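The next block is protein-v2.csv, given as CSV, C-alpha atoms.
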chain,number,residue,atom,x,y,z
K,1,MET,CA,-14.9,-3.5,-1.7
K,2,VAL,CA,-13.9,-7.1,-2.0
K,3,SER,CA,-10.1,-7.7,-1.8
K,4,PRO,CA,-8.5,-10.7,-3.5
K,5,PHE,CA,-6.2,-10.9,-0.4
K,6,LEU,CA,-8.7,-10.4,2.4
K,7,PHE,CA,-11.4,-12.9,3.3
K,8,PHE,CA,-14.3,-12.4,5.7
K,9,PRO,CA,-16.6,-15.2,7.0
K,10,GLY,CA,-19.7,-15.5,4.7
K,11,GLU,CA,-18.4,-13.2,2.0
K,12,ARG,CA,-16.9,-15.8,-0.3
K,13,LEU,CA,-16.1,-18.6,2.1
K,14,SER,CA,-17.8,-19.9,5.2
K,15,ILE,CA,-16.1,-19.8,8.6
K,16,ALA,CA,-15.6,-23.5,8.4
K,17,GLU,CA,-13.7,-23.2,5.1
K,18,LEU,CA,-11.6,-20.3,6.4
K,19,THR,CA,-10.8,-22.2,9.6
K,20,ALA,CA,-9.8,-25.2,7.5
K,21,ALA,CA,-7.5,-23.0,5.3
K,22,CYS,CA,-5.9,-21.7,8.5
K,23,LEU,CA,-5.3,-25.2,9.8
K,24,ASP,CA,-3.7,-26.0,6.4
K,25,GLY,CA,-1.4,-23.0,6.7
K,26,ILE,CA,-2.9,-21.3,3.7
K,27,LEU,CA,-4.6,-18.4,5.6
K,28,VAL,CA,-3.8,-16.5,8.8
K,29,PRO,CA,-6.3,-14.4,10.8
K,30,LEU,CA,-6.0,-10.6,10.6
K,31,GLY,CA,-8.6,-8.4,12.3
K,32,ALA,CA,-12.0,-9.7,11.6
K,33,GLY,CA,-10.8,-11.5,8.5
K,34,TYR,CA,-8.2,-13.7,7.0
K,35,ILE,CA,-5.3,-13.2,4.6
K,36,PRO,CA,-3.0,-15.5,2.7
K,37,ALA,CA,-0.1,-16.7,4.9
K,38,ASP,CA,2.4,-15.2,2.5
K,39,ALA,CA,0.7,-11.8,2.0
K,40,VAL,CA,2.4,-8.7,3.2
K,41,GLU,CA,0.5,-6.8,5.9
K,42,THR,CA,0.0,-3.2,4.8
K,43,PRO,CA,-1.9,-0.3,6.4
K,44,TRP,CA,-4.6,-0.8,3.9
K,45,MET,CA,-5.0,-4.5,4.8
K,46,ARG,CA,-4.9,-3.9,8.5
K,47,ALA,CA,-7.6,-1.1,8.2
K,48,ARG,CA,-9.8,-3.1,5.9
K,49,SER,CA,-9.5,-6.2,8.1
K,50,ILE,CA,-11.2,-4.4,11.0
K,51,ALA,CA,-13.9,-2.6,8.9
K,52,PRO,CA,-16.6,-4.9,10.1
K,53,LEU,CA,-15.7,-4.1,13.7
K,54,VAL,CA,-15.4,-0.3,13.3
K,55,GLY,CA,-18.4,0.4,11.0
K,56,GLU,CA,-19.1,3.7,9.3
K,57,ARG,CA,-19.9,5.9,12.3
K,58,TRP,CA,-16.7,5.1,14.3
K,59,ALA,CA,-13.0,5.5,13.9
K,60,ALA,CA,-10.2,3.2,15.1
K,61,ILE,CA,-8.2,4.9,17.8
K,62,ARG,CA,-5.3,4.2,20.3
K,63,LEU,CA,-3.5,0.9,19.8
K,64,SER,CA,-5.8,-0.1,16.9
K,65,ALA,CA,-4.9,3.1,15.0
K,66,ALA,CA,-1.2,2.7,15.9
K,67,TRP,CA,-1.3,-0.9,14.6
K,68,ILE,CA,-2.9,0.3,11.3
K,69,HIS,CA,-0.3,3.1,10.9
K,70,GLY,CA,2.5,0.7,11.7
K,71,GLY,CA,3.4,2.4,15.0
K,72,VAL,CA,3.0,-1.0,16.8
K,73,LEU,CA,3.6,-4.4,15.2
K,74,THR,CA,1.0,-6.5,17.1
K,75,GLU,CA,-2.7,-6.3,16.6
K,76,PRO,CA,-4.4,-5.4,19.9
K,77,TYR,CA,-6.7,-8.0,21.4
K,78,ARG,CA,-9.5,-5.4,21.8
K,79,HIS,CA,-10.0,-2.6,19.2
K,80,HIS,CA,-10.9,0.8,20.5
K,81,VAL,CA,-13.2,3.0,18.4
K,82,GLN,CA,-14.5,6.5,18.9
K,83,ARG,CA,-17.5,8.3,17.3
K,84,VAL,CA,-17.0,10.4,14.2
K,85,ALA,CA,-20.6,10.7,13.3
K,86,ALA,CA,-22.4,14.0,14.1
K,87,THR,CA,-25.2,12.2,15.9
K,88,ARG,CA,-24.9,9.6,18.6
K,89,ALA,CA,-24.4,6.1,17.2
K,90,ARG,CA,-25.2,2.7,18.6
K,91,ALA,CA,-21.9,1.2,19.8
K,92,PRO,CA,-20.7,-1.9,18.1
K,93,HIS,CA,-21.8,-5.0,19.9
K,94,ASP,CA,-18.7,-7.1,19.8
K,95,ALA,CA,-16.5,-8.3,22.7
K,96,ARG,CA,-13.5,-7.3,20.6
K,97,VAL,CA,-14.5,-3.6,20.5
K,98,VAL,CA,-14.4,-0.9,23.2
K,99,SER,CA,-16.3,2.2,22.2
K,100,HIS,CA,-15.8,5.8,23.3
K,101,GLU,CA,-18.7,8.2,22.8
K,102,VAL,CA,-16.9,11.6,22.6
K,103,ARG,CA,-16.9,12.8,19.0
K,104,LEU,CA,-13.5,13.1,17.3
K,105,ALA,CA,-12.6,16.3,15.4
K,106,ALA,CA,-12.7,15.8,11.7
K,107,ALA,CA,-9.1,17.2,11.4
K,108,ASP,CA,-7.9,14.3,13.5
K,109,VAL,CA,-9.4,11.6,11.3
K,110,ARG,CA,-8.0,10.0,8.1
K,111,GLN,CA,-9.5,7.4,5.8
K,112,VAL,CA,-7.6,4.2,5.2
K,113,ALA,CA,-9.2,1.6,3.0
K,114,GLY,CA,-12.6,3.2,3.6
K,115,VAL,CA,-12.1,3.0,7.4
K,116,SER,CA,-11.9,6.0,9.6
K,117,VAL,CA,-8.7,6.1,11.7
K,118,THR,CA,-7.2,8.8,13.9
K,119,SER,CA,-4.2,10.5,12.2
K,120,PRO,CA,-0.8,9.2,13.2
K,121,VAL,CA,-0.1,12.4,15.2
K,122,ARG,CA,-3.4,12.2,17.1
K,123,THR,CA,-2.8,8.5,17.7
K,124,LEU,CA,0.6,9.1,19.2
K,125,VAL,CA,-0.8,11.9,21.4
K,126,ASP,CA,-3.6,9.7,22.6
K,127,LEU,CA,-1.2,6.8,23.5
K,128,ALA,CA,1.2,9.2,25.3
K,129,ARG,CA,-1.6,10.8,27.4
K,130,SER,CA,-3.2,7.5,28.3
K,131,ASP,CA,-3.4,6.3,31.9
K,132,ASP,CA,-2.6,2.7,30.7
K,133,GLU,CA,1.1,1.9,31.0
K,134,THR,CA,0.9,-0.5,28.0
K,135,GLU,CA,-0.3,2.4,25.8
K,136,ARG,CA,2.3,4.8,27.1
K,137,ARG,CA,5.0,2.2,26.5
K,138,ALA,CA,3.8,1.8,22.9
K,139,ALA,CA,3.9,5.6,22.5
K,140,ARG,CA,7.5,5.7,23.8
K,141,MET,CA,8.6,2.9,21.5
K,142,TRP,CA,6.8,4.5,18.4
K,143,ALA,CA,8.3,8.0,19.3
K,144,ALA,CA,11.8,6.5,19.7
K,145,ASP,CA,11.5,4.7,16.3
K,146,ASP,CA,10.1,7.7,14.5
K,147,PRO,CA,11.5,11.0,15.7
K,148,GLY,CA,9.5,12.9,13.0
K,149,ALA,CA,6.2,11.5,14.4
K,150,ARG,CA,7.3,12.5,17.9
K,151,ASP,CA,8.1,16.0,16.8
K,152,ASP,CA,4.8,16.3,15.0
K,153,ALA,CA,3.0,15.2,18.2
K,154,VAL,CA,4.9,17.7,20.3
K,155,GLU,CA,3.9,20.4,17.8
K,156,TRP,CA,0.2,19.2,18.0
K,157,LEU,CA,0.3,19.5,21.8
K,158,ALA,CA,1.7,23.0,21.5
K,159,ARG,CA,-1.3,24.0,19.3
K,160,HIS,CA,-3.7,22.3,21.8
K,161,PRO,CA,-2.5,23.3,25.2
K,162,ARG,CA,-5.9,22.7,26.9
K,163,PHE,CA,-6.2,19.2,25.6
K,164,PRO,CA,-7.0,16.7,28.4
K,165,PHE,CA,-3.8,15.2,29.9
K,166,ALA,CA,-1.6,17.1,27.5
K,167,ARG,CA,1.0,17.5,30.2
K,168,ARG,CA,1.3,13.8,30.7
K,169,ALA,CA,1.6,13.3,26.9
K,170,ALA,CA,4.3,16.0,26.7
K,171,ASP,CA,6.2,14.4,29.6
K,172,VAL,CA,6.1,11.0,27.9
K,173,LEU,CA,7.3,12.4,24.6
K,174,ALA,CA,10.0,14.5,26.3
K,175,GLN,CA,11.3,11.4,28.1
K,176,THR,CA,11.6,9.7,24.7
K,177,ALA,CA,13.5,12.7,23.2
K,178,ALA,CA,15.8,12.8,26.3
K,179,GLY,CA,16.4,9.0,26.1
K,180,ARG,CA,17.4,9.2,22.4
K,181,SER,CA,19.8,12.1,22.9
K,182,GLU,CA,21.4,10.3,25.8
K,183,SER,CA,21.8,7.1,23.9
K,184,GLN,CA,23.4,8.7,20.8
K,185,PRO,CA,27.2,8.8,20.8
K,186,THR,CA,28.8,12.2,20.8
K,187,SER,CA,31.3,13.2,18.1

Any chance you could put this one into structure tokens?
Amino acid sequence: MVSPFLFFPGERLSIAELTAACLDGILVPLGAGYIPADAVETPWMRARSIAPLVGERWAAIRLSAAWIHGGVLTEPYRHHVQRVAATRARAPHDARVVSHEVRLAAADVRQVAGVSVTSPVRTLVDLARSDDETERRAARMWAADDPGARDDAVEWLARHPRFPFARRAADVLAQTAAGRSESQPTS
């Protein structure tokens, strides 16, 4: 689907025309495309902007999914994708994409602008259980800003006690809950 606010190289304009529009301040890069400089970034726009990177057989995960859902504000330099197709798929050949072969459960995937993305709850759990401090920091910030998402993630972990690194995720989310309760004034 062609959006009047999202431009991809070769779709309606060449890369040279898109770059010139960026230099003139008319467009700004977003994902694999470009949007008008005064356009509002929405989850739909963010998801659609990385559609060429994700493809049909993969889902955006981790910081990529958090960025789409609005859990983090800055687009990650590299987008992480994970297989959603029933059969093995050829990984995207792009330096901006890191692929993970383990298949995602259908219950953990949502469609945003025709792009598969892990649900906000699964995304927060994945960030909290990560061995990457940047991702854990993003999980703590998201959980602190959205206590409802944090509570949903804690409930998800309770329903999936054998999930890999669930204890690490629970600890990260518990630290966030403890930090919020300590910082709130008492009546």

Inset, instruction - Please indicate the distance in Å from CA of Leu13 in chain K to CA of Ile26 in chain K, rounded to one decimal place. - result: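 These atoms are spaced 13.6 Å apart.
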
Inset, instruction - Using only C-alpha atoms, find the one residue out of K:Gln82, K:Thr19, K:Gln111, K:Ser14 that sits nearest to Ala47 in chain K. - result: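 Result for the nearest residue to Ala47 in chain K: K:Gln111.
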
Inset, instruction - Do a neighbour search on range 119-122 of chain K at 8 Å with only C-alpha atoms, toss out local chain neighbours closer than 2 positions, and write the hits as a list of chain:residue names. - result: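 Near range 119-122 of chain K, the qualifying residues are K:Ala65, K:Ala66, K:His69, K:Asp108, K:Val109, K:Arg110, K:Val117, K:Leu124, K:Val125, K:Asp126, K:Ala149, K:Arg150, K:Asp152, K:Ala153, K:Trp156.
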
Legend entry - Residue nearest Val54 in chain K among K:Glu75, K:Glu17, K:Asp94, K:Glu11 (counting only C-alpha atoms):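 Selected residue with least distance to Val54 in chain K: K:Asp94.
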
Inset, instruction - Measure the distance from CA of Ala169 in chain K to CA of Thr134 in chain K in Å and round it to one decimal. - result: 13.9 Å

Inset, instruction - Extract, using only C-alpha atoms, all DNA, RNA and protein residues at most 7 Å from Glu101 in chain K, discarding same-chain residues fewer than 2 positions from it, and format them as an NGL selection string. - result: :K and (82-83 or 99 or 103)

Inset, instruction - Name the closest residue to Leu73 in chain K among the candidates K:Ala51, K:Trp142, K:Arg96, K:Leu157; distances are taken between atoms, counting all atoms listed in the file. - result: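 For Leu73 in chain K, the nearest of the given residues is K:Trp142.
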
Inset, instruction - Select, from K:Ala16, K:Trp67, K:Thr123, K:Glu41, the residue with the minimum atom-to-atom distance to Leu104 in chain K, counting all atoms listed in the file. - result: K:Thr123

Legend entry - Length of the CA of His100 in chain K to CA of His79 in chain K vector [Å]: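 A separation of 11.0 Å between them.
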
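When only C-alpha atoms are used to compute distances to Arg57 in chain K, the closest of the residues K:Leu30, K:Ala138, K:Val84, K:Leu6 turns out to be K:Val84.
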
Inset, instruction - Tell me which protein, DNA and RNA residues are within 10 Å of Asp151 in chain K, counting all atoms listed in the file, leaving out same-chain ones fewer than 4 positions away, and put them as number ranges by chain. - result: K: 121, 143, 146-147, 155-157, 173-174, 177

Atoms to include: C-alpha atoms. Write the selected residues as a short mmCIF file (atom, residue, chain, number, x, y, z; two decimals), in the frame of the given file.
data_model
loop_
_atom_site.label_atom_id
_atom_site.label_comp_id
_atom_site.auth_asym_id
_atom_site.auth_seq_id
_atom_site.Cartn_x
_atom_site.Cartn_y
_atom_site.Cartn_z
CA VAL K 121 -0.10 12.40 15.20
CA ALA K 143 8.30 8.00 19.30
CA ASP K 146 10.10 7.70 14.50
CA PRO K 147 11.50 11.00 15.70
CA GLU K 155 3.90 20.40 17.80
CA TRP K 156 0.20 19.20 18.00
CA LEU K 157 0.30 19.50 21.80
CA LEU K 173 7.30 12.40 24.60
CA ALA K 174 10.00 14.50 26.30
CA ALA K 177 13.50 12.70 23.20
#

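Minimum distance to Val102 in chain K across K:Ala21, K:Ala86, K:Ile15, K:Val172 (counting all atoms listed in the file) occurs at K:Ala86.
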
Inset, instruction - Please provide as a PyMOL selection string all residues within 8 Å of Tyr34 in chain K, with the sequence filter that same-chain residues fewer than 6 positions apart are discarded (counting only C-alpha atoms). - result: chain K and resi 6-8+18+27-28+49
